[in-house]
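*Asks:* The following block contains the structure, expressed as structure tokens.
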Number of protein chains: 4
Amino acid sequence: MNVLVWNEFRHEKENPVVSDIYPEGIHGAVADFLKKDGHNVSTATLDEEEHGLTEEVLSDTDVLVWWGHKAHDEVEEDIAERVKQRVLDGMGLIVLHSAHFSKIFQKLMGTGCDLKWREADDKERIWNIDPTHPIAEGIGQYIDIEKEEMYGEHFDIPAPDELIFLSWFEGGEVFRSGATFKRRNGKIFYFRPGHETYPTYYHEDVQKVIRNGVRWAENTNGPKHQYGNAQPLEPITEK
Amino acid sequence: MNVLVWNEFRHEKENPVVSDIYPEGIHGAVADFLKKDGHNVSTATLDEEEHGLTEEVLSDTDVLVWWGHKAHDEVEEDIAERVKQRVLDGMGLIVLHSAHFSKIFQKLMGTGCDLKWREADDKERIWNIDPTHPIAEGIGQYIDIEKEEMYGEHFDIPAPDELIFLSWFEGGEVFRSGATFKRRNGKIFYFRPGHETYPTYYHEDVQKVIRNGVRWAENTNGPKHQYGNAQPLEPITEK
Amino acid sequence: MNVLVWNEFRHEKENPVVSDIYPEGIHGAVADFLKKDGHNVSTATLDEEEHGLTEEVLSDTDVLVWWGHKAHDEVEEDIAERVKQRVLDGMGLIVLHSAHFSKIFQKLMGTGCDLKWREADDKERIWNIDPTHPIAEGIGQYIDIEKEEMYGEHFDIPAPDELIFLSWFEGGEVFRSGATFKRRNGKIFYFRPGHETYPTYYHEDVQKVIRNGVRWAENTNGPKHQYGNAQPLEPITEK
Amino acid sequence: MNVLVWNEFRHEKENPVVSDIYPEGIHGAVADFLKKDGHNVSTATLDEEEHGLTEEVLSDTDVLVWWGHKAHDEVEEDIAERVKQRVLDGMGLIVLHSAHFSKIFQKLMGTGCDLKWREADDKERIWNIDPTHPIAEGIGQYIDIEKEEMYGEHFDIPAPDELIFLSWFEGGEVFRSGATFKRRNGKIFYFRPGHETYPTYYHEDVQKVIRNGVRWAENTNGPKHQYGNAQPLEPITEK
């Protein structure tokens, strides 16, 4: 499977706290653990030409992982549209943390995708509420993260197709932290944790969830539907 | 309740078959039966200034009913965005028939909203599969429509929050004909029937469903959520 | 509308803490605030003949509110089945707090309906995550309850049709606190708060939610479907 | 994976039309094509001791496939309960055709599971409406079945978690033909076709769907949740 990890890659260049944690960038860290599953993993970042998301690259990608935060607006409109179209055509999409506000996620959801947030070292506990889901394979009752940015409800998304994780935050909020959405041939998984100033992507269970998510999001070789004018399959009586 | 019926209003001006059926336009016919419920009903059409959808008009509208077909592209981008924003802020939206391909529906769904279609006088039978839904109030097991345009699956929408009606077509297709979607504070109901060359909007049960839909879509005075940076509601321990 | 509030009514007779809070029983307190909506409200309790749930009483009931805790097993099997049948036939059902473990809720869910619990004066904050739902009408972003019993995930229910409320608990848990389910012609609303040793049913917002729930659960006069052998509606070709 | 195919196995003994089509029983035919996937497949039937569903057999079964029709009532209550409990504990369940009326399906759904039916050689066309679902892998836009028993809406089930297939019937009905449900740790797939007097289980696409369903229904090694009294994970302030 060809997996592409996309990262805005700005915090790492500007903030030594972040580059200390992720010396190869967040994309590097995520790509590293995804390679363990034998995928063909590559990376792309905002400042590359066409943000590293050419038609060719996208058509070769089975699952795209997306991290962005402070430069969502710099993603060009037509490239965001291109990614959306590729998802509808069957590419899986894993939306991480602050990518809730990315153009691509907003376009696919149809809502603003806003939420409450706070950077205050909240403890986060991610409860697993769907014990049958392949994305929760190998995870216990909950995942504890010692310190994270808080994201709180209301999370402005459509009701998800499946709700897998719910977060509890020390400061008094809850959040729908793991949720799936289907859009035509594309499978989408949103997963909350991963603020750039914490080493969250080294957390074993967080890695496990993302690895499961990538496997789950792979296209299933389902029907390619035809749209448009269609001849009748059965006789129609004259009226 | 203030209800606004929006119509593209082009077929009626160009095709005498359509204007014979709907001498006051499709919007006129729909507005007529909605008035029976005591709503304050007005209409707007594509060729009016700002398509009749000024900020002021929209902010006074509780539920918007939308019919369009051949001129979706002529709806200006920023006005489509304005309508979308108003739906997210709490205006109900009833999407009729070929409005499946309207910019506003596509934006709110996040998908292409394509389908199969055929103009061949198919008989349509609309089965009611959710006997608890207020939109189905007063409707029997199914609605028969003698002749209609066929719409067939795959209908490229997200899995609806609620699936109320399923259509059977004489030529061999099925279709998810009545479906609801929530987007932030806005309630959306898609209802399939209503091709311009048939007198479908005079069908008593079709009218009943749309009248129910308008009542259902009214804003519920739920919480106005705050988004953005949020102070903790509980103490956070130093770490 | 005829509303029947059913209560086990045992704690109130055995524990002065409870009878001090609810001198007329939990059913009395709930019936009191439901009367404000002009419903015809009556009550029934476990120790009455047929638990006060005769065929006649049930067939006259539009919405049944159920509170039980320590004596679920004493509800006779055939009466639980009778209530279930009446729900399937269109009676609304409001399931409160520890009634998660009632026979009637288990039968309608098909699962065990188990959960984590703790009586330790947890603070509870009930977040509203569906701003469009009529059950949330008039409620703010969240409801704070100073002290309550904790219920924690995993809550062993099917994925609800609609998820309206999520609880945050001081001790570190989350819970799906407000959820709707449809079963044939019956609408069901589960609402978490209401442990017998706290004055929760005097909380204005808790009352508002239950009042909204009762209105929402009323039968919608949808189609009464016919089941069994059915003649074809269209000609079938000989094969 | 250990797969158990359960069949009532009565029609085959009593009706030569059926035994001509399925000389090894429906269970034999289904087991045959499931073996192609390398599973360890065994069978059990109603007239065996404990219906072939001992505690030991069930605890060794990963996915159970169930076909029954005329003798649902002869399945002993406590064995139906045992199967239900095993599903909740993580055994997958594939419910075929007339097993919609089996005790085990009714118990897990919480509804009556009734429907309309007709034995009249209807043509059936099963439309695929979820192109992302692994159960639809390798299937085209629809499956045509020349002659089948008709099942029509309303199908008295809870709204499914996922709706994959919709059937069109020649006589004018539609039906939700492929649907998934989760119940605690168990995954359930209902698939409509398979009346005993037609050779439906030799249809390649029908086989493909059932093979996909069995793979999908396997337990995912998700969390085994603890229920009951729980110590706080965070300190609770005295109040």
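In the structure tokens, each chain is lettered A, B, ... as it comes, each chain's residues begin at 1, and ligands are numbered from 1 in order of appearance.
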Give me, as a tab-separated table, each residue of chain C that comes within 12 Å of chain A, together with its shortest interatomic pair and the distance in Å at one decimal, counting only C-alpha atoms, with rows ordered by chain and rising residue number.
*Replies:*
```
residue	atom	partner	partner_atom	distance
C:Leu115	CA	A:Ile129	CA	11.1
C:Lys116	CA	A:Gln141	CA	11.6
C:Lys123	CA	A:Gly172	CA	9.8
C:Glu124	CA	A:Gly172	CA	9.2
C:Arg125	CA	A:Gly172	CA	7.5
C:Ile126	CA	A:Val174	CA	9.2
C:Trp127	CA	A:Glu153	CA	7.3
C:Asn128	CA	A:His154	CA	7.4
C:Ile129	CA	A:His154	CA	5.6
C:Asp130	CA	A:His154	CA	8.2
C:Pro131	CA	A:His154	CA	8.6
C:Thr132	CA	A:Pro158	CA	11.3
C:Gly140	CA	A:His154	CA	11.4
C:Gln141	CA	A:His154	CA	8.0
C:Tyr142	CA	A:Glu153	CA	9.7
C:Ile143	CA	A:Gly172	CA	11.9
C:Asp144	CA	A:Gly172	CA	10.4
C:Gly152	CA	A:Trp127	CA	9.5
C:Glu153	CA	A:Ile129	CA	6.6
C:His154	CA	A:Ile129	CA	5.6
C:Phe155	CA	A:Ile129	CA	7.6
C:Asp156	CA	A:Ile129	CA	8.9
C:Ile157	CA	A:Ile129	CA	10.0
C:Pro158	CA	A:Asp130	CA	9.6
C:Ala159	CA	A:Glu162	CA	8.3
C:Pro160	CA	A:Leu163	CA	10.3
C:Asp161	CA	A:Ala159	CA	10.0
C:Glu162	CA	A:Ala159	CA	8.3
C:Leu163	CA	A:Ala159	CA	8.4
C:Ile164	CA	A:Ala159	CA	10.3
C:Phe165	CA	A:Val174	CA	10.4
C:Leu166	CA	A:Val174	CA	7.3
C:Ser167	CA	A:Val174	CA	7.5
C:Trp168	CA	A:Val174	CA	6.2
C:Phe169	CA	A:Gly172	CA	8.0
C:Glu170	CA	A:Gly172	CA	7.7
C:Gly171	CA	A:Glu170	CA	9.5
C:Gly172	CA	A:Trp168	CA	6.6
C:Glu173	CA	A:Trp168	CA	6.6
C:Val174	CA	A:Trp168	CA	6.2
C:Phe175	CA	A:Leu166	CA	8.7
C:Arg176	CA	A:Ile129	CA	9.3
C:Glu234	CA	A:Thr237	CA	11.0
C:Pro235	CA	A:Thr237	CA	11.0
C:Ile236	CA	A:Glu234	CA	11.4
C:Thr237	CA	A:Pro235	CA	11.0
```
*Asks:* Might you pull out every residue within 9 Å of Thr200 in chain B, with only C-alpha atoms counted and same-chain residues fewer than 6 positions away left off, and present them as an NGL selection string?
*Replies:* :B and (145 or 147-148 or 193-194 or 206-207)
*Asks:* Could you find all residues in range 55-157 of chain C that DSSP calls alpha helix (DSSP H) from the backbone, and write them as a list of chain:residue names?
*Replies:*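 Residues of range 55-157 of chain C classed as alpha helix (DSSP H): C:Glu55, C:Glu56, C:Val57, C:Leu58, C:Ser59, C:Glu77, C:Asp78, C:Ile79, C:Ala80, C:Glu81, C:Arg82, C:Val83, C:Lys84, C:Gln85, C:Arg86, C:Val87, C:Leu88, C:Lys103, C:Ile104, C:Phe105, C:Gln106, C:Lys107, C:Leu108, C:Met109.
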*Asks:* Only C-alpha atoms, please: the residues just picked out, written as an mmCIF file, in the first residue's frame.
*Replies:*
```
data_model
loop_
_atom_site.group_PDB
_atom_site.id
_atom_site.type_symbol
_atom_site.label_atom_id
_atom_site.label_comp_id
_atom_site.auth_asym_id
_atom_site.auth_seq_id
_atom_site.Cartn_x
_atom_site.Cartn_y
_atom_site.Cartn_z
ATOM 1 C CA GLU C 55 -53.251 -3.679 29.054
ATOM 2 C CA GLU C 56 -55.830 -0.947 29.487
ATOM 3 C CA VAL C 57 -53.471 1.489 31.172
ATOM 4 C CA LEU C 58 -50.772 0.920 28.569
ATOM 5 C CA SER C 59 -53.091 1.274 25.602
ATOM 6 C CA GLU C 77 -41.473 -11.192 32.457
ATOM 7 C CA ASP C 78 -44.835 -11.035 30.708
ATOM 8 C CA ILE C 79 -45.440 -7.473 31.829
ATOM 9 C CA ALA C 80 -42.016 -6.418 30.558
ATOM 10 C CA GLU C 81 -42.953 -8.079 27.253
ATOM 11 C CA ARG C 82 -46.277 -6.254 27.263
ATOM 12 C CA VAL C 83 -44.565 -2.903 27.720
ATOM 13 C CA LYS C 84 -42.085 -3.744 24.949
ATOM 14 C CA GLN C 85 -44.926 -4.642 22.601
ATOM 15 C CA ARG C 86 -46.686 -1.373 23.394
ATOM 16 C CA VAL C 87 -43.495 0.575 22.617
ATOM 17 C CA LEU C 88 -43.196 -1.215 19.257
ATOM 18 C CA LYS C 103 -35.792 -5.562 31.466
ATOM 19 C CA ILE C 104 -37.717 -3.330 29.133
ATOM 20 C CA PHE C 105 -34.617 -1.355 28.042
ATOM 21 C CA GLN C 106 -32.511 -4.503 27.665
ATOM 22 C CA LYS C 107 -35.184 -6.161 25.565
ATOM 23 C CA LEU C 108 -35.466 -3.165 23.252
ATOM 24 C CA MET C 109 -31.714 -2.724 22.908
#
```
*Asks:* Pairing the C-alpha atoms in order across the whole chain, superpose chain D onto chain B by least squares and write the result as an mmCIF file with C-alpha atoms, in the first residue's frame.
*Replies:*
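Result written to part_20.cif:
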```
data_model
loop_
_atom_site.group_PDB
_atom_site.id
_atom_site.type_symbol
_atom_site.label_atom_id
_atom_site.label_comp_id
_atom_site.auth_asym_id
_atom_site.auth_seq_id
_atom_site.Cartn_x
_atom_site.Cartn_y
_atom_site.Cartn_z
ATOM 1 C CA MET D 1 -42.493 30.875 10.725
ATOM 2 C CA ASN D 2 -40.939 32.615 7.725
ATOM 3 C CA VAL D 3 -40.600 30.261 4.792
ATOM 4 C CA LEU D 4 -38.832 31.209 1.575
ATOM 5 C CA VAL D 5 -39.389 29.151 -1.584
ATOM 6 C CA TRP D 6 -36.548 29.579 -4.049
ATOM 7 C CA ASN D 7 -36.850 28.502 -7.664
ATOM 8 C CA GLU D 8 -34.531 28.739 -10.620
ATOM 9 C CA PHE D 9 -37.635 29.709 -12.654
ATOM 10 C CA ARG D 10 -36.218 29.080 -16.128
ATOM 11 C CA HIS D 11 -38.045 26.019 -17.426
ATOM 12 C CA GLU D 12 -41.350 27.791 -16.841
ATOM 13 C CA LYS D 13 -40.264 30.691 -19.077
ATOM 14 C CA GLU D 14 -38.899 28.517 -21.869
ATOM 15 C CA ASN D 15 -41.016 25.396 -22.023
ATOM 16 C CA PRO D 16 -44.804 25.693 -22.410
ATOM 17 C CA VAL D 17 -45.248 22.160 -21.090
ATOM 18 C CA VAL D 18 -43.855 23.366 -17.788
ATOM 19 C CA SER D 19 -45.638 26.710 -17.701
ATOM 20 C CA ASP D 20 -48.922 24.964 -18.474
ATOM 21 C CA ILE D 21 -48.451 22.807 -15.383
ATOM 22 C CA TYR D 22 -47.031 25.555 -13.188
ATOM 23 C CA PRO D 23 -48.422 28.879 -14.486
ATOM 24 C CA GLU D 24 -47.150 30.668 -11.354
ATOM 25 C CA GLY D 25 -43.865 28.787 -11.446
ATOM 26 C CA ILE D 26 -42.874 25.810 -9.319
ATOM 27 C CA HIS D 27 -42.179 28.282 -6.502
ATOM 28 C CA GLY D 28 -45.737 29.584 -6.794
ATOM 29 C CA ALA D 29 -47.211 26.100 -6.533
ATOM 30 C CA VAL D 30 -45.049 25.131 -3.571
ATOM 31 C CA ALA D 31 -45.658 28.440 -1.787
ATOM 32 C CA ASP D 32 -49.405 27.942 -2.257
ATOM 33 C CA PHE D 33 -49.660 24.725 -0.312
ATOM 34 C CA LEU D 34 -47.173 25.824 2.356
ATOM 35 C CA LYS D 35 -49.409 28.800 3.144
ATOM 36 C CA LYS D 36 -52.061 26.364 4.349
ATOM 37 C CA ASP D 37 -49.986 25.843 7.479
ATOM 38 C CA GLY D 38 -50.172 29.490 8.428
ATOM 39 C CA HIS D 39 -46.549 30.241 7.637
ATOM 40 C CA ASN D 40 -45.458 33.563 6.276
ATOM 41 C CA VAL D 41 -44.381 32.306 2.836
ATOM 42 C CA SER D 42 -42.466 34.304 0.232
ATOM 43 C CA THR D 43 -40.588 33.403 -2.933
ATOM 44 C CA ALA D 44 -37.350 34.275 -4.683
ATOM 45 C CA THR D 45 -35.851 33.335 -8.032
ATOM 46 C CA LEU D 46 -32.510 33.146 -9.791
ATOM 47 C CA ASP D 47 -32.885 36.201 -11.987
ATOM 48 C CA GLU D 48 -33.671 38.590 -9.163
ATOM 49 C CA GLU D 49 -30.888 40.742 -7.807
ATOM 50 C CA GLU D 50 -28.609 38.609 -5.608
ATOM 51 C CA HIS D 51 -30.982 35.804 -6.647
ATOM 52 C CA GLY D 52 -33.407 37.272 -4.127
ATOM 53 C CA LEU D 53 -31.135 36.007 -1.359
ATOM 54 C CA THR D 54 -29.803 39.110 0.317
ATOM 55 C CA GLU D 55 -28.305 38.926 3.790
ATOM 56 C CA GLU D 56 -31.452 40.563 5.097
ATOM 57 C CA VAL D 57 -33.817 38.134 3.418
ATOM 58 C CA LEU D 58 -31.840 35.137 4.600
ATOM 59 C CA SER D 59 -31.547 36.319 8.176
ATOM 60 C CA ASP D 60 -35.340 36.637 8.245
ATOM 61 C CA THR D 61 -35.868 33.150 6.820
ATOM 62 C CA ASP D 62 -36.541 30.200 9.110
ATOM 63 C CA VAL D 63 -36.797 27.551 6.424
ATOM 64 C CA LEU D 64 -35.635 27.767 2.814
ATOM 65 C CA VAL D 65 -37.075 25.478 0.125
ATOM 66 C CA TRP D 66 -34.835 25.084 -2.945
ATOM 67 C CA TRP D 67 -35.653 23.950 -6.490
ATOM 68 C CA GLY D 68 -33.096 24.232 -9.295
ATOM 69 C CA HIS D 69 -32.099 22.208 -12.329
ATOM 70 C CA LYS D 70 -30.503 23.644 -15.432
ATOM 71 C CA ALA D 71 -28.772 26.723 -14.082
ATOM 72 C CA HIS D 72 -26.998 25.589 -10.921
ATOM 73 C CA ASP D 73 -23.821 27.166 -12.262
ATOM 74 C CA GLU D 74 -25.436 30.573 -12.492
ATOM 75 C CA VAL D 75 -25.894 30.760 -8.747
ATOM 76 C CA GLU D 76 -23.050 33.003 -7.685
ATOM 77 C CA GLU D 77 -20.386 31.407 -5.563
ATOM 78 C CA ASP D 78 -20.553 33.942 -2.743
ATOM 79 C CA ILE D 79 -24.326 33.722 -2.536
ATOM 80 C CA ALA D 80 -24.161 29.933 -2.348
ATOM 81 C CA GLU D 81 -21.638 30.378 0.480
ATOM 82 C CA ARG D 82 -23.957 32.862 2.168
ATOM 83 C CA VAL D 83 -26.831 30.400 2.078
ATOM 84 C CA LYS D 84 -24.599 27.641 3.415
ATOM 85 C CA GLN D 85 -23.479 29.847 6.285
ATOM 86 C CA ARG D 86 -27.098 30.674 7.113
ATOM 87 C CA VAL D 87 -27.967 26.966 7.199
ATOM 88 C CA LEU D 88 -25.069 26.301 9.585
ATOM 89 C CA ASP D 89 -26.422 29.163 11.705
ATOM 90 C CA GLY D 90 -29.810 27.494 12.007
ATOM 91 C CA MET D 91 -31.977 28.036 8.909
ATOM 92 C CA GLY D 92 -33.759 24.864 7.811
ATOM 93 C CA LEU D 93 -33.270 23.724 4.216
ATOM 94 C CA ILE D 94 -35.578 21.613 2.049
ATOM 95 C CA VAL D 95 -33.807 20.373 -1.069
ATOM 96 C CA LEU D 96 -36.204 19.279 -3.795
ATOM 97 C CA HIS D 97 -35.565 16.891 -6.691
ATOM 98 C CA SER D 98 -32.913 18.186 -9.116
ATOM 99 C CA ALA D 99 -31.564 20.506 -6.435
ATOM 100 C CA HIS D 100 -29.453 17.471 -5.504
ATOM 101 C CA PHE D 101 -26.946 19.060 -7.898
ATOM 102 C CA SER D 102 -27.210 22.582 -6.493
ATOM 103 C CA LYS D 103 -24.067 24.243 -5.175
ATOM 104 C CA ILE D 104 -25.627 24.664 -1.779
ATOM 105 C CA PHE D 105 -26.429 20.950 -1.376
ATOM 106 C CA GLN D 106 -23.022 19.862 -2.668
ATOM 107 C CA LYS D 107 -21.272 22.246 -0.284
ATOM 108 C CA LEU D 108 -23.220 20.958 2.696
ATOM 109 C CA MET D 109 -22.777 17.292 1.783
ATOM 110 C CA GLY D 110 -19.091 17.388 0.825
ATOM 111 C CA THR D 111 -19.729 14.983 -2.051
ATOM 112 C CA GLY D 112 -20.687 15.295 -5.717
ATOM 113 C CA CYS D 113 -24.340 14.298 -5.150
ATOM 114 C CA ASP D 114 -24.523 12.638 -8.567
ATOM 115 C CA LEU D 115 -26.988 9.875 -9.468
ATOM 116 C CA LYS D 116 -28.514 8.001 -12.403
ATOM 117 C CA TRP D 117 -31.472 9.593 -14.178
ATOM 118 C CA ARG D 118 -33.910 8.960 -17.009
ATOM 119 C CA GLU D 119 -36.895 10.833 -18.416
ATOM 120 C CA ALA D 120 -39.088 7.968 -19.555
ATOM 121 C CA ASP D 121 -42.373 8.155 -17.672
ATOM 122 C CA ASP D 122 -41.309 5.601 -15.058
ATOM 123 C CA LYS D 123 -43.859 4.801 -12.420
ATOM 124 C CA GLU D 124 -42.425 5.668 -8.995
ATOM 125 C CA ARG D 125 -43.455 4.127 -5.674
ATOM 126 C CA ILE D 126 -42.026 5.841 -2.609
ATOM 127 C CA TRP D 127 -41.896 3.439 0.335
ATOM 128 C CA ASN D 128 -41.932 4.787 3.845
ATOM 129 C CA ILE D 129 -39.346 2.983 5.937
ATOM 130 C CA ASP D 130 -39.318 5.120 9.098
ATOM 131 C CA PRO D 131 -42.779 4.958 10.683
ATOM 132 C CA THR D 132 -41.695 7.158 13.608
ATOM 133 C CA HIS D 133 -40.560 10.180 11.665
ATOM 134 C CA PRO D 134 -42.592 13.418 11.856
ATOM 135 C CA ILE D 135 -41.896 13.983 8.169
ATOM 136 C CA ALA D 136 -43.938 10.836 7.431
ATOM 137 C CA GLU D 137 -46.916 11.956 9.516
ATOM 138 C CA GLY D 138 -50.180 11.173 7.799
ATOM 139 C CA ILE D 139 -48.536 9.201 4.979
ATOM 140 C CA GLY D 140 -49.462 5.569 4.301
ATOM 141 C CA GLN D 141 -47.157 2.673 3.531
ATOM 142 C CA TYR D 142 -46.134 4.234 0.235
ATOM 143 C CA ILE D 143 -46.829 7.053 -2.202
ATOM 144 C CA ASP D 144 -47.551 6.140 -5.820
ATOM 145 C CA ILE D 145 -46.614 8.598 -8.532
ATOM 146 C CA GLU D 146 -47.892 7.582 -11.948
ATOM 147 C CA LYS D 147 -45.117 9.154 -14.001
ATOM 148 C CA GLU D 148 -41.869 10.711 -12.909
ATOM 149 C CA GLU D 149 -38.269 11.135 -13.914
ATOM 150 C CA MET D 150 -36.185 8.229 -12.605
ATOM 151 C CA TYR D 151 -33.354 8.838 -10.142
ATOM 152 C CA GLY D 152 -31.289 5.738 -9.392
ATOM 153 C CA GLU D 153 -28.527 4.654 -7.032
ATOM 154 C CA HIS D 154 -25.756 5.154 -6.441
ATOM 155 C CA PHE D 155 -26.766 8.533 -4.957
ATOM 156 C CA ASP D 156 -23.449 10.139 -4.063
ATOM 157 C CA ILE D 157 -24.286 11.536 -0.629
ATOM 158 C CA PRO D 158 -22.897 10.795 2.840
ATOM 159 C CA ALA D 159 -24.874 8.170 4.763
ATOM 160 C CA PRO D 160 -27.900 10.211 5.872
ATOM 161 C CA ASP D 161 -28.660 10.772 9.551
ATOM 162 C CA GLU D 162 -32.129 9.379 8.898
ATOM 163 C CA LEU D 163 -33.455 7.513 5.887
ATOM 164 C CA ILE D 164 -37.210 7.941 5.584
ATOM 165 C CA PHE D 165 -38.197 7.094 2.014
ATOM 166 C CA LEU D 166 -36.981 4.591 -0.581
ATOM 167 C CA SER D 167 -38.192 4.771 -4.178
ATOM 168 C CA TRP D 168 -38.969 1.861 -6.466
ATOM 169 C CA PHE D 169 -38.865 2.655 -10.198
ATOM 170 C CA GLU D 170 -40.555 0.719 -12.946
ATOM 171 C CA GLY D 171 -37.353 0.552 -14.990
ATOM 172 C CA GLY D 172 -35.532 -1.423 -12.323
ATOM 173 C CA GLU D 173 -33.848 1.127 -10.027
ATOM 174 C CA VAL D 174 -34.111 2.098 -6.378
ATOM 175 C CA PHE D 175 -33.292 5.426 -4.715
ATOM 176 C CA ARG D 176 -32.928 6.933 -1.243
ATOM 177 C CA SER D 177 -35.704 9.460 -1.804
ATOM 178 C CA GLY D 178 -36.166 11.056 1.571
ATOM 179 C CA ALA D 179 -33.218 11.692 3.840
ATOM 180 C CA THR D 180 -32.248 14.063 6.620
ATOM 181 C CA PHE D 181 -28.898 15.614 7.459
ATOM 182 C CA LYS D 182 -27.828 17.900 10.286
ATOM 183 C CA ARG D 183 -25.110 20.465 9.767
ATOM 184 C CA ARG D 184 -24.237 22.454 12.933
ATOM 185 C CA ASN D 185 -27.511 24.283 13.791
ATOM 186 C CA GLY D 186 -29.197 23.569 10.465
ATOM 187 C CA LYS D 187 -31.577 20.752 9.596
ATOM 188 C CA ILE D 188 -31.694 19.597 5.977
ATOM 189 C CA PHE D 189 -34.268 17.386 4.256
ATOM 190 C CA TYR D 190 -33.784 16.058 0.758
ATOM 191 C CA PHE D 191 -36.943 14.903 -1.045
ATOM 192 C CA ARG D 192 -36.698 13.388 -4.498
ATOM 193 C CA PRO D 193 -39.896 13.892 -6.529
ATOM 194 C CA GLY D 194 -40.717 16.911 -8.633
ATOM 195 C CA HIS D 195 -39.543 16.858 -12.249
ATOM 196 C CA GLU D 196 -40.742 20.008 -13.985
ATOM 197 C CA THR D 197 -42.737 18.308 -16.753
ATOM 198 C CA TYR D 198 -45.020 16.418 -14.334
ATOM 199 C CA PRO D 199 -47.662 17.826 -11.984
ATOM 200 C CA THR D 200 -45.962 16.196 -9.008
ATOM 201 C CA TYR D 201 -46.245 19.172 -6.677
ATOM 202 C CA TYR D 202 -50.035 18.936 -6.889
ATOM 203 C CA HIS D 203 -49.918 15.384 -5.483
ATOM 204 C CA GLU D 204 -51.493 15.524 -2.041
ATOM 205 C CA ASP D 205 -49.004 13.204 -0.344
ATOM 206 C CA VAL D 206 -46.035 14.961 -1.901
ATOM 207 C CA GLN D 207 -47.392 18.210 -0.514
ATOM 208 C CA LYS D 208 -47.905 16.609 2.881
ATOM 209 C CA VAL D 209 -44.291 15.437 3.028
ATOM 210 C CA ILE D 210 -42.951 18.867 2.103
ATOM 211 C CA ARG D 211 -45.235 20.555 4.631
ATOM 212 C CA ASN D 212 -44.043 18.124 7.301
ATOM 213 C CA GLY D 213 -40.460 18.700 6.199
ATOM 214 C CA VAL D 214 -40.756 22.460 6.611
ATOM 215 C CA ARG D 215 -42.131 22.081 10.127
ATOM 216 C CA TRP D 216 -39.423 19.564 11.033
ATOM 217 C CA ALA D 217 -36.615 21.770 9.703
ATOM 218 C CA GLU D 218 -37.415 24.752 11.908
ATOM 219 C CA ASN D 219 -34.652 25.688 14.296
ATOM 220 C CA THR D 220 -35.062 24.167 17.724
ATOM 221 C CA ASN D 221 -33.579 26.923 19.836
ATOM 222 C CA GLY D 222 -30.758 24.654 20.880
ATOM 223 C CA PRO D 223 -27.476 25.841 22.366
ATOM 224 C CA LYS D 224 -25.431 28.416 20.515
ATOM 225 C CA HIS D 225 -22.030 26.928 21.037
ATOM 226 C CA GLN D 226 -18.944 29.020 21.611
ATOM 227 C CA TYR D 227 -15.866 28.064 19.674
ATOM 228 C CA GLY D 228 -12.210 29.006 20.043
ATOM 229 C CA ASN D 229 -9.988 29.474 23.035
ATOM 230 C CA ALA D 230 -11.652 28.364 26.266
ATOM 231 C CA GLN D 231 -10.716 28.765 29.919
ATOM 232 C CA PRO D 232 -10.709 25.568 32.001
ATOM 233 C CA LEU D 233 -13.876 24.785 33.932
ATOM 234 C CA GLU D 234 -11.945 22.688 36.433
ATOM 235 C CA PRO D 235 -8.499 23.157 37.971
ATOM 236 C CA ILE D 236 -5.578 21.721 36.028
ATOM 237 C CA THR D 237 -2.691 20.343 38.044
ATOM 238 C CA GLU D 238 0.780 21.594 37.259
ATOM 239 C CA LYS D 239 2.863 18.946 35.472
#
```
*Asks:* Can you tell me, as number ranges by chain, which residues in range 67-238 of chain D count as strand (DSSP E) by DSSP?
*Replies:* D: 67, 92-96, 116-128, 142-152, 162-169, 174-183, 186-191, 228-229
